[in-house]
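K.L.:
Have a look at this one before I ask anything.
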Amino acid sequence: MVRDLGEEPMSRRHCILTGAFVLLTISITVADGWHGSLTADAQIAGLTGNWAVKTPRPDGTTSKVYLNLRQEGDKISGTIRSTQFFYNISDSVIGPGGIITLTGTMKDGKSDRTVKYEAELIGEELHLSTRRRPEDKPMQSVARRVPNGEGAMPARIPLPPLKKIPYNGLAKTPPMGWNSWNLFKSRVNDEIVRGIADAMVTSGMRDAGYIYVNIDDTWEGETRDSQGNITTNSKFPDMKSLADYVHSKGLKLGIYTSPGPNTCAGYEGTYGHEEQDARTFAAWGIDYVKYDWCGARTLYTDEEMQAVYQKFGEALQKTGRPIIYSLCQYGRSDVWKWGPDVGGNLWRTTGDIGDRWDSMTRIGFGQNDLAPYAKPGHWNDPDMLEVGNGGMSNDEYRTHMSLWSILAAPLLAGNDIRSMTPEIKSILMNNEVIAIDQDKAGMQGKRVWQSGEQEIWVRELSGGSHAIALFNRGAAPAEVSLKWSDIGIKKNPKSARDLWQHKDIEISGPEYKVTVPMHGVVLLRVGK
Ligand code: GLA
């Protein structure tokens, strides 16, 4: 139901008020000319209690928002729980017509989060209006009373003392594969994953090295079974058979969960079931788990993240199955310093990528300082690829792919592998660029030169060769000149390999000059 409260005349709002008894009187003059005196203890006195908005999702699960309210006089306190967030009501204002504005706040790491709801009691329904961002249209919903205790946050479980989880021996080079989130979000299902697995083989992606097929958020069932096992929703009827299918294609299957009670999309999380879920994943045949902070933010501080991630790292290792452990907590708390200690093979270094030039470049070009932390088995993860999703030009996607390879980043395609254009295939399956990413020395590249919007990044490769990326972040073609001495190459090379042109180029002298397209890249390999 979508109803824009902002457009509803105040006088009508007043008319639809229902209420009973009266403790305080408010005199109101509002902009549209309605003047009134409202005696209103009334409809708000009835607010005390536990309220829920329950919205069925097409996968058989329910999205739930809980407002646990306590009303004393004109003051409303309590909590609001919505997807991964749990707010304390820090302010309540009774406005014209008895519309109550509730402000919820919560600590999220170093920042504060706020939510605002406009609430109006109509009979036994609590009509709510909220906006994700102030500029968004309001979203309308109706809450109804539910028993006390329903939707309460679980108690905080104490964390284990810190220790080192031994390296699992996986991800000697950055993991490669596909992930459902960037394109499919909550639309991912069994059929799509099977179709993607088929296409990974027929398109050549598997043979190019893309092995992991990773299901992201929204596969989880509404509730756990009577033994507390996590279940799947109607989009994934049989995870074990899906894993068998993916394995039969010579691929591996990845899954997603959260250390919190809820995932980022508000589905069931692993909180309090760490060993049990790790065992379930192993029994299904899962080969890769992304563990996304999400709902854990309401129970633990950023300083406690390491112990939270260690707990699941240990649970994964106890299963005895080789499972890649992917930490996703948006690069908070210097995760690169402790990621390997919790058994992590990769850790996100930033918030979510978008299929936009500004998002991709802000993330990609912001990784320079993290180079020392990447090594075989343990990688910085600047998030998944957007190549082929349509929001950037092919030159921009070549920049994306080149930069991620220079960064020794995991290469998880995020597009529809079933319907790739030849151009997109040639970007994702450029074997010479992939070879840079997968170089076995595992040294992350760095920026060595910058002038305005042009940058040169260099990655040292095994055997003493170098990958050199000349980037033009500007909105017009630009000449970039590369002095070999500036990038630590002492002897002027005679030739280089252009990895996008797929050709050897002759070089002479101490400098190499080339025109780089707008938002484009020239990627060279020098030395064998
Ligand atoms: C977070 C993660 C994303 C994705 C979504 C799923 O935003 O950072 O990569 O997994 O959650 O809800």
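Every chain in the structure tokens takes a letter, A first, then B, and so on in the order presented; its residues are numbered from 1, and the ligands are numbered from 1 following the presented order.
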As a quick test: using only C-alpha atoms and all ligand atoms, which residues lie no more than 9 Å away from ligand 1? Give them as a ChimeraX atom specification.
P.N.:
/A:180-182,185-186,216-218,256-257,263-267,290-294,328-330,348,350-353,383-384
K.L.:
Print the selection's residues with C-alpha atoms to a file, as a short mmCIF file (atom, residue, chain, number, x, y, z; two decimals), in the first residue's frame.
P.N.:
data_model
loop_
_atom_site.label_atom_id
_atom_site.label_comp_id
_atom_site.auth_asym_id
_atom_site.auth_seq_id
_atom_site.Cartn_x
_atom_site.Cartn_y
_atom_site.Cartn_z
CA SER A 180 24.46 -13.18 -7.70
CA TRP A 181 24.13 -9.91 -5.81
CA ASN A 182 25.23 -7.14 -8.16
CA LYS A 185 19.74 -9.13 -5.79
CA SER A 186 16.68 -10.88 -4.26
CA ASP A 216 24.43 -14.09 -2.12
CA ASP A 217 21.69 -12.98 0.29
CA THR A 218 17.98 -13.99 0.10
CA TYR A 256 26.20 -16.18 2.07
CA THR A 257 25.23 -15.59 5.68
CA THR A 263 21.26 -10.66 7.05
CA CYS A 264 21.48 -7.30 5.34
CA ALA A 265 18.29 -8.05 3.42
CA GLY A 266 16.56 -9.02 6.66
CA TYR A 267 16.67 -12.82 6.25
CA LYS A 290 30.68 -14.88 2.52
CA TYR A 291 30.05 -13.77 6.09
CA ASP A 292 28.39 -10.36 6.07
CA TRP A 293 28.38 -8.25 9.27
CA CYS A 294 24.82 -6.85 8.80
CA CYS A 328 32.39 -8.85 4.53
CA GLN A 329 32.35 -6.01 7.02
CA TYR A 330 33.01 -3.13 4.65
CA ARG A 348 36.01 -6.60 1.83
CA THR A 350 34.94 -0.94 1.33
CA GLY A 351 31.18 -0.47 1.21
CA ASP A 352 29.18 -1.82 -1.71
CA ILE A 353 30.20 -1.15 -5.28
CA ASP A 383 34.02 -5.88 -3.99
CA MET A 384 32.66 -7.73 -6.97
#
K.L.:
With DSSP run on the backbone, what are the strand (DSSP E) residues within range 224-330 of chain A? I'd like them as a list in words.
P.N.:
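Residues meeting the strand (DSSP E) criterion: Lys252, Leu253, Gly254, Ile255, Tyr256, Thr257, Tyr288, Val289, Lys290, Tyr291, Asp292, Ile324, Tyr325, Ser326, Leu327 and Cys328 of chain A.
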K.L.:
Restricting it to N, CA and C atoms, dump the selection as an mmCIF file, in the first residue's frame.
P.N.:
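Contents of out-v5.cif, as written:
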data_model
loop_
_atom_site.group_PDB
_atom_site.id
_atom_site.type_symbol
_atom_site.label_atom_id
_atom_site.label_comp_id
_atom_site.auth_asym_id
_atom_site.auth_seq_id
_atom_site.Cartn_x
_atom_site.Cartn_y
_atom_site.Cartn_z
ATOM 1 N N LYS A 252 32.407 -24.733 -8.401
ATOM 2 C CA LYS A 252 32.209 -24.833 -6.950
ATOM 3 C C LYS A 252 31.079 -23.888 -6.533
ATOM 4 N N LEU A 253 30.442 -24.212 -5.406
ATOM 5 C CA LEU A 253 29.280 -23.418 -4.986
ATOM 6 C C LEU A 253 29.589 -22.615 -3.728
ATOM 7 N N GLY A 254 29.206 -21.344 -3.759
ATOM 8 C CA GLY A 254 29.386 -20.476 -2.596
ATOM 9 C C GLY A 254 28.045 -20.036 -2.047
ATOM 10 N N ILE A 255 28.039 -19.656 -0.784
ATOM 11 C CA ILE A 255 26.806 -19.185 -0.150
ATOM 12 C C ILE A 255 27.139 -18.002 0.743
ATOM 13 N N TYR A 256 26.102 -17.431 1.334
ATOM 14 C CA TYR A 256 26.201 -16.180 2.073
ATOM 15 C C TYR A 256 25.454 -16.306 3.386
ATOM 16 N N THR A 257 26.003 -15.747 4.448
ATOM 17 C CA THR A 257 25.228 -15.586 5.679
ATOM 18 C C THR A 257 25.821 -14.451 6.510
ATOM 19 N N TYR A 288 32.482 -22.127 -0.366
ATOM 20 C CA TYR A 288 32.861 -20.712 -0.201
ATOM 21 C C TYR A 288 31.759 -20.065 0.625
ATOM 22 N N VAL A 289 32.111 -19.360 1.696
ATOM 23 C CA VAL A 289 31.076 -18.656 2.474
ATOM 24 C C VAL A 289 31.459 -17.188 2.630
ATOM 25 N N LYS A 290 30.526 -16.330 2.270
ATOM 26 C CA LYS A 290 30.678 -14.881 2.517
ATOM 27 C C LYS A 290 29.924 -14.579 3.810
ATOM 28 N N TYR A 291 30.612 -13.985 4.759
ATOM 29 C CA TYR A 291 30.052 -13.771 6.094
ATOM 30 C C TYR A 291 29.914 -12.271 6.301
ATOM 31 N N ASP A 292 28.676 -11.799 6.204
ATOM 32 C CA ASP A 292 28.392 -10.359 6.075
ATOM 33 C C ASP A 292 27.900 -9.781 7.408
ATOM 34 N N ILE A 324 36.369 -21.705 1.332
ATOM 35 C CA ILE A 324 36.933 -20.347 1.316
ATOM 36 C C ILE A 324 36.114 -19.475 2.254
ATOM 37 N N TYR A 325 36.811 -18.684 3.050
ATOM 38 C CA TYR A 325 36.137 -17.833 4.047
ATOM 39 C C TYR A 325 36.300 -16.376 3.633
ATOM 40 N N SER A 326 35.168 -15.770 3.255
ATOM 41 C CA SER A 326 35.164 -14.390 2.749
ATOM 42 C C SER A 326 34.541 -13.471 3.796
ATOM 43 N N LEU A 327 35.319 -12.540 4.328
ATOM 44 C CA LEU A 327 34.817 -11.629 5.354
ATOM 45 C C LEU A 327 34.217 -10.405 4.666
ATOM 46 N N CYS A 328 33.033 -10.037 5.110
ATOM 47 C CA CYS A 328 32.394 -8.854 4.529
ATOM 48 C C CYS A 328 31.956 -7.972 5.683
#
K.L.:
Just want the 12 Å neighbourhood of Gly452 in chain A, counted on only C-alpha atoms, with same-chain residues fewer than 5 positions away dropped. Output as a list in words.
P.N.:
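Returned residues: Phe471, Asn472, Arg473, Gly474, Ala475, Ala478, Glu479 and Val480 of chain A.
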K.L.:
Generate a file of the selected residues that holds all heavy atoms, formatted as a short mmCIF file (atom, residue, chain, number, x, y, z; two decimals), in the first residue's frame.
P.N.:
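Saved file part.cif follows:
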data_model
loop_
_atom_site.label_atom_id
_atom_site.label_comp_id
_atom_site.auth_asym_id
_atom_site.auth_seq_id
_atom_site.Cartn_x
_atom_site.Cartn_y
_atom_site.Cartn_z
N PHE A 471 46.32 4.83 -16.52
CA PHE A 471 44.90 5.14 -16.41
C PHE A 471 44.64 6.60 -16.76
O PHE A 471 45.42 7.49 -16.36
CB PHE A 471 44.40 4.92 -14.98
CG PHE A 471 44.40 3.48 -14.54
CD1 PHE A 471 45.33 3.03 -13.61
CD2 PHE A 471 43.46 2.58 -15.04
CE1 PHE A 471 45.32 1.72 -13.17
CE2 PHE A 471 43.45 1.25 -14.60
CZ PHE A 471 44.38 0.82 -13.66
N ASN A 472 43.56 6.85 -17.44
CA ASN A 472 43.10 8.22 -17.68
C ASN A 472 41.71 8.36 -17.08
O ASN A 472 40.73 7.90 -17.64
CB ASN A 472 43.07 8.51 -19.18
CG ASN A 472 42.47 9.87 -19.48
OD1 ASN A 472 42.38 10.72 -18.58
ND2 ASN A 472 42.06 10.08 -20.72
N ARG A 473 41.64 9.01 -15.92
CA ARG A 473 40.35 9.17 -15.25
C ARG A 473 39.60 10.38 -15.78
O ARG A 473 38.48 10.67 -15.35
CB ARG A 473 40.56 9.30 -13.74
CG ARG A 473 41.20 8.06 -13.16
CD ARG A 473 41.58 8.21 -11.70
NE ARG A 473 40.42 8.36 -10.83
CZ ARG A 473 40.48 8.40 -9.50
NH1 ARG A 473 41.66 8.33 -8.90
NH2 ARG A 473 39.39 8.54 -8.78
N GLY A 474 40.23 11.11 -16.69
CA GLY A 474 39.62 12.34 -17.22
C GLY A 474 38.55 12.06 -18.27
O GLY A 474 38.46 10.96 -18.81
N ALA A 475 37.77 13.10 -18.57
CA ALA A 475 36.63 12.96 -19.49
C ALA A 475 37.00 13.27 -20.93
O ALA A 475 36.13 13.53 -21.76
CB ALA A 475 35.49 13.84 -19.01
N ALA A 478 43.76 11.53 -23.23
CA ALA A 478 44.93 12.25 -22.70
C ALA A 478 46.19 11.45 -22.96
O ALA A 478 46.18 10.22 -22.92
CB ALA A 478 44.77 12.48 -21.20
N GLU A 479 47.26 12.19 -23.23
CA GLU A 479 48.55 11.51 -23.42
C GLU A 479 49.18 11.27 -22.05
O GLU A 479 49.22 12.16 -21.20
CB GLU A 479 49.48 12.37 -24.27
CG GLU A 479 50.70 11.57 -24.71
CD GLU A 479 51.64 12.40 -25.58
OE1 GLU A 479 52.27 13.33 -25.04
OE2 GLU A 479 51.72 12.09 -26.78
N VAL A 480 49.64 10.06 -21.86
CA VAL A 480 50.34 9.73 -20.61
C VAL A 480 51.74 9.30 -20.99
O VAL A 480 51.92 8.53 -21.93
CB VAL A 480 49.63 8.58 -19.85
CG1 VAL A 480 50.35 8.28 -18.54
CG2 VAL A 480 48.17 8.94 -19.57
#
K.L.:
If we count only C-alpha atoms and set the cut-off at 9 Å, which residues sit around Lys164 in chain A, ignoring sequence neighbours fewer than 4 positions away in its own chain? Please answer as a list in words.
P.N.:
Gln310, Pro340, Asp341, Val342 and Gly343 of chain A
K.L.:
Kindly export the residues of the current selection with N, CA and C atoms, as a compact mmCIF listing (two decimals), in the first residue's frame.
P.N.:
# COMPACT_ATOMS: atom_id res chain seq x y z
N GLN A 310 36.33 -14.73 14.04
CA GLN A 310 37.14 -15.89 14.44
C GLN A 310 36.23 -17.09 14.79
N PRO A 340 43.67 -12.54 8.22
CA PRO A 340 44.28 -13.88 8.18
C PRO A 340 44.18 -14.62 9.52
N ASP A 341 44.23 -13.89 10.62
CA ASP A 341 44.21 -14.55 11.95
C ASP A 341 42.89 -15.24 12.24
N VAL A 342 41.81 -14.80 11.62
CA VAL A 342 40.51 -15.44 11.89
C VAL A 342 40.21 -16.52 10.85
N GLY A 343 41.21 -16.80 10.01
CA GLY A 343 41.04 -17.84 9.00
C GLY A 343 40.50 -17.30 7.69
K.L.:
Contacts of Gly445 in chain A at 6 Å or less, counting only C-alpha atoms, minus same-chain residues fewer than 4 places along, as a list in words?
P.N.:
Ile406, Leu407, Val458 and Arg459 of chain A
K.L.:
Might you pull out every residue within 12 Å of Thr232 in chain A, with only C-alpha atoms counted and same-chain residues fewer than 3 positions away left off, and present them as a ChimeraX atom specification?
P.N.:
/A:59-61,189-190,215,217-225,229,235-240,242,255-257,267-269,280-281,284
K.L.:
Based on the selection just made, write N, CA, C and O atoms of those residues as a tab-separated table (two decimals), in the first residue's frame.
P.N.:
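Dumped everything to again-v9.tsv:
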chain	number	residue	atom	x	y	z
A	59	ASP	N	9.10	-15.28	-2.10
A	59	ASP	CA	9.81	-16.55	-1.85
A	59	ASP	C	9.24	-17.29	-0.65
A	59	ASP	O	9.83	-18.27	-0.18
A	60	GLY	N	8.11	-16.84	-0.12
A	60	GLY	CA	7.48	-17.54	1.00
A	60	GLY	C	7.93	-17.03	2.36
A	60	GLY	O	7.41	-17.46	3.39
A	61	THR	N	8.89	-16.13	2.40
A	61	THR	CA	9.31	-15.55	3.68
A	61	THR	C	8.55	-14.25	3.91
A	61	THR	O	7.81	-13.79	3.04
A	189	ASN	N	17.58	-17.34	-7.89
A	189	ASN	CA	16.91	-18.59	-7.51
A	189	ASN	C	17.67	-19.77	-8.11
A	189	ASN	O	18.66	-19.60	-8.84
A	190	ASP	N	17.18	-20.95	-7.80
A	190	ASP	CA	17.83	-22.19	-8.22
A	190	ASP	C	18.01	-22.23	-9.75
A	190	ASP	O	19.09	-22.58	-10.25
A	215	ILE	N	26.03	-17.86	-4.36
A	215	ILE	CA	24.69	-17.35	-4.07
A	215	ILE	C	24.83	-16.33	-2.95
A	215	ILE	O	25.36	-16.64	-1.88
A	217	ASP	N	22.82	-13.07	-0.64
A	217	ASP	CA	21.69	-12.98	0.29
A	217	ASP	C	20.35	-13.31	-0.39
A	217	ASP	O	20.21	-13.14	-1.60
A	218	THR	N	19.41	-13.74	0.41
A	218	THR	CA	17.98	-13.99	0.10
A	218	THR	C	17.68	-15.43	-0.29
A	218	THR	O	16.63	-15.70	-0.85
A	219	TRP	N	18.55	-16.37	0.03
A	219	TRP	CA	18.24	-17.80	-0.18
A	219	TRP	C	17.60	-18.42	1.06
A	219	TRP	O	17.02	-19.51	1.00
A	220	GLU	N	17.67	-17.71	2.21
A	220	GLU	CA	17.35	-18.30	3.51
A	220	GLU	C	15.84	-18.46	3.71
A	220	GLU	O	15.05	-17.64	3.27
A	221	GLY	N	15.47	-19.51	4.44
A	221	GLY	CA	14.06	-19.75	4.75
A	221	GLY	C	13.58	-18.87	5.90
A	221	GLY	O	14.37	-18.24	6.60
A	222	GLU	N	12.29	-18.88	6.10
A	222	GLU	CA	11.65	-18.02	7.11
A	222	GLU	C	12.11	-18.37	8.53
A	222	GLU	O	12.45	-17.51	9.31
A	223	THR	N	12.12	-19.67	8.83
A	223	THR	CA	12.50	-20.08	10.18
A	223	THR	C	13.44	-21.27	10.10
A	223	THR	O	13.51	-21.94	9.06
A	224	ARG	N	14.10	-21.55	11.19
A	224	ARG	CA	14.91	-22.77	11.29
A	224	ARG	C	13.98	-23.96	11.53
A	224	ARG	O	12.84	-23.78	11.94
A	225	ASP	N	14.47	-25.16	11.29
A	225	ASP	CA	13.62	-26.33	11.55
A	225	ASP	C	13.63	-26.64	13.05
A	225	ASP	O	14.26	-25.91	13.84
A	229	ASN	N	18.17	-26.15	12.50
A	229	ASN	CA	18.94	-26.06	11.24
A	229	ASN	C	18.40	-24.94	10.35
A	229	ASN	O	17.18	-24.77	10.24
A	235	LYS	N	12.69	-20.34	-3.28
A	235	LYS	CA	13.53	-20.14	-4.48
A	235	LYS	C	14.61	-21.21	-4.60
A	235	LYS	O	15.18	-21.39	-5.67
A	236	PHE	N	14.93	-21.85	-3.48
A	236	PHE	CA	16.00	-22.87	-3.48
A	236	PHE	C	15.48	-24.16	-2.85
A	236	PHE	O	15.74	-24.44	-1.68
A	237	PRO	N	14.75	-24.97	-3.62
A	237	PRO	CA	14.10	-26.14	-3.05
A	237	PRO	C	15.08	-27.16	-2.47
A	237	PRO	O	14.74	-27.86	-1.52
A	238	ASP	N	16.27	-27.28	-3.02
A	238	ASP	CA	17.18	-28.33	-2.54
A	238	ASP	C	18.63	-27.90	-2.78
A	238	ASP	O	19.18	-28.06	-3.87
A	239	MET	N	19.23	-27.38	-1.73
A	239	MET	CA	20.57	-26.80	-1.88
A	239	MET	C	21.61	-27.89	-2.18
A	239	MET	O	22.56	-27.66	-2.93
A	240	LYS	N	21.41	-29.06	-1.61
A	240	LYS	CA	22.39	-30.14	-1.84
A	240	LYS	C	22.36	-30.56	-3.32
A	240	LYS	O	23.42	-30.74	-3.94
A	242	LEU	N	21.46	-28.71	-5.76
A	242	LEU	CA	22.04	-27.61	-6.54
A	242	LEU	C	23.57	-27.68	-6.49
A	242	LEU	O	24.26	-27.52	-7.51
A	255	ILE	N	28.04	-19.66	-0.78
A	255	ILE	CA	26.81	-19.19	-0.15
A	255	ILE	C	27.14	-18.00	0.74
A	255	ILE	O	28.31	-17.65	0.90
A	256	TYR	N	26.10	-17.43	1.33
A	256	TYR	CA	26.20	-16.18	2.07
A	256	TYR	C	25.45	-16.31	3.39
A	256	TYR	O	24.38	-16.90	3.43
A	257	THR	N	26.00	-15.75	4.45
A	257	THR	CA	25.23	-15.59	5.68
A	257	THR	C	25.82	-14.45	6.51
A	257	THR	O	26.77	-13.79	6.09
A	267	TYR	N	16.96	-11.38	6.18
A	267	TYR	CA	16.67	-12.82	6.25
A	267	TYR	C	17.37	-13.42	7.47
A	267	TYR	O	18.14	-12.76	8.16
A	268	GLU	N	17.10	-14.70	7.70
A	268	GLU	CA	17.67	-15.40	8.87
A	268	GLU	C	19.20	-15.39	8.81
A	268	GLU	O	19.79	-15.76	7.78
A	269	GLY	N	19.83	-15.03	9.91
A	269	GLY	CA	21.29	-15.04	9.99
A	269	GLY	C	21.78	-16.21	10.83
A	269	GLY	O	20.99	-17.02	11.33
A	280	THR	N	25.98	-27.51	8.29
A	280	THR	CA	24.96	-27.59	7.23
A	280	THR	C	25.58	-27.24	5.88
A	280	THR	O	25.37	-27.94	4.88
A	281	PHE	N	26.34	-26.17	5.86
A	281	PHE	CA	26.95	-25.75	4.58
A	281	PHE	C	27.86	-26.86	4.05
A	281	PHE	O	27.85	-27.19	2.87
A	284	TRP	N	25.87	-29.68	2.65
A	284	TRP	CA	25.30	-29.35	1.33
A	284	TRP	C	26.35	-29.43	0.23
A	284	TRP	O	26.02	-29.53	-0.94
K.L.:
Just want the 8 Å neighbourhood of Val53 in chain A, counted on only C-alpha atoms, with same-chain residues fewer than 6 positions away dropped. Output as an MDAnalysis selection string.
P.N.:
chainID A and resid 63:66 141:144
K.L.:
Selection from above, C-alpha atoms, as a short mmCIF file (atom, residue, chain, number, x, y, z; two decimals), in the first residue's frame, can you write it?
P.N.:
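The resulting result.cif:
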data_model
loop_
_atom_site.label_atom_id
_atom_site.label_comp_id
_atom_site.auth_asym_id
_atom_site.auth_seq_id
_atom_site.Cartn_x
_atom_site.Cartn_y
_atom_site.Cartn_z
CA SER A 63 9.72 -9.14 5.88
CA LYS A 64 9.04 -7.88 9.39
CA VAL A 65 9.36 -4.55 11.15
CA TYR A 66 8.74 -4.47 14.91
CA SER A 141 2.79 0.39 5.89
CA VAL A 142 0.37 -0.79 8.53
CA ALA A 143 1.47 -2.34 11.83
CA ARG A 144 -0.76 -4.56 13.92
#
K.L.:
Give me, as a PyMOL selection string, the residues of range 239-476 of chain A that a backbone DSSP run labels helix (DSSP H, G or I).
P.N.:
chain A and resi 239-248+274-284+294-298+302-318+332-338+340-342+357-364+368-373+394-406+417-419+422-428+431-437+462-464
K.L.:
So what do you get for CA of Glu303 in chain A versus CA of Trp347 in chain A, distance-wise?
P.N.:
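Calculated distance between CA of Glu303 in chain A and CA of Trp347 in chain A is 16.2 Å.
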K.L.:
CA of Val213 in chain A and CA of Asn394 in chain A are how many Å apart?
P.N.:
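Spanning CA of Val213 in chain A to CA of Asn394 in chain A is a straight-line distance of 23.9 Å.
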K.L.:
I need the residue nearest Met443 in chain A from this list: A:Leu411, A:Ala374, A:Ala283, A:Leu470. Use only C-alpha atoms for the distance.
P.N.:
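Comparing A:Leu411, A:Ala374, A:Ala283, A:Leu470 against Met443 in chain A, the winner is A:Ala374.
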K.L.:
List every residue of range 257-375 of chain A that has an atom at most 12 Å from any atom of range 92-113 of chain A, and for each one report the closest atom pair and its distance in Å to one decimal, counting only C-alpha atoms, with rows sorted by chain and then by increasing residue number, as CSV.
P.N.:
residue,atom,partner,partner_atom,distance
A:Trp293,CA,A:Asp108,CA,11.0
A:Cys294,CA,A:Asp108,CA,10.0
A:Gly295,CA,A:Asp108,CA,10.3
A:Ala296,CA,A:Asp108,CA,9.8
A:Arg297,CA,A:Asp108,CA,6.0
A:Thr298,CA,A:Asp108,CA,7.3
A:Leu299,CA,A:Asp108,CA,9.9
A:Tyr300,CA,A:Gly109,CA,8.9
A:Thr301,CA,A:Gly109,CA,6.1
A:Asp302,CA,A:Gly109,CA,5.3
A:Glu303,CA,A:Gly109,CA,8.5
A:Glu304,CA,A:Gly109,CA,10.3
A:Met305,CA,A:Gly109,CA,10.1
A:Gln329,CA,A:Gly109,CA,10.6
A:Tyr330,CA,A:Gly109,CA,11.1
A:Gly331,CA,A:Gly109,CA,11.5
A:Arg332,CA,A:Gly109,CA,8.1
A:Ser333,CA,A:Gly109,CA,8.8
K.L.:
Since we have the selection now, will you write its residues out, keeping N, CA and C atoms, as a compact mmCIF listing (two decimals), in the first residue's frame?
P.N.:
# COMPACT_ATOMS: atom_id res chain seq x y z
N TRP A 293 28.59 -8.82 7.93
CA TRP A 293 28.38 -8.25 9.27
C TRP A 293 26.91 -7.92 9.57
N CYS A 294 26.28 -7.13 8.74
CA CYS A 294 24.82 -6.85 8.80
C CYS A 294 24.27 -6.76 10.22
N GLY A 295 23.40 -7.73 10.57
CA GLY A 295 22.68 -7.66 11.84
C GLY A 295 23.57 -7.77 13.07
N ALA A 296 24.82 -8.16 12.90
CA ALA A 296 25.72 -8.25 14.06
C ALA A 296 26.02 -6.87 14.63
N ARG A 297 25.80 -5.85 13.82
CA ARG A 297 26.14 -4.48 14.26
C ARG A 297 25.28 -4.04 15.43
N THR A 298 24.14 -4.70 15.63
CA THR A 298 23.27 -4.29 16.73
C THR A 298 23.65 -4.96 18.04
N LEU A 299 24.49 -5.99 17.96
CA LEU A 299 24.83 -6.74 19.18
C LEU A 299 26.28 -6.55 19.59
N TYR A 300 27.14 -6.28 18.61
CA TYR A 300 28.57 -6.20 18.91
C TYR A 300 29.15 -4.89 18.38
N THR A 301 30.23 -4.47 19.01
CA THR A 301 30.92 -3.26 18.54
C THR A 301 31.93 -3.65 17.47
N ASP A 302 32.43 -2.65 16.78
CA ASP A 302 33.45 -2.92 15.77
C ASP A 302 34.69 -3.56 16.39
N GLU A 303 34.98 -3.18 17.63
CA GLU A 303 36.18 -3.73 18.29
C GLU A 303 36.02 -5.24 18.53
N GLU A 304 34.78 -5.70 18.54
CA GLU A 304 34.55 -7.13 18.80
C GLU A 304 34.48 -7.97 17.53
N MET A 305 34.59 -7.31 16.38
CA MET A 305 34.45 -8.01 15.11
C MET A 305 35.41 -9.19 14.97
N GLN A 329 32.73 -6.96 5.97
CA GLN A 329 32.35 -6.01 7.02
C GLN A 329 32.80 -4.60 6.62
N TYR A 330 32.88 -4.45 5.28
CA TYR A 330 33.01 -3.13 4.65
C TYR A 330 34.33 -2.42 4.98
N GLY A 331 35.33 -3.21 5.38
CA GLY A 331 36.65 -2.63 5.61
C GLY A 331 36.77 -1.92 6.94
N ARG A 332 35.87 -2.24 7.88
CA ARG A 332 35.95 -1.55 9.17
C ARG A 332 37.01 -2.20 10.06
N SER A 333 37.42 -1.44 11.07
CA SER A 333 38.35 -1.96 12.09
C SER A 333 39.63 -2.54 11.50
K.L.:
Give me, please, the distance in Å between CA of Leu412 in chain A and CA of Gln501 in chain A, quoted to one decimal.
P.N.:
23.4 Å
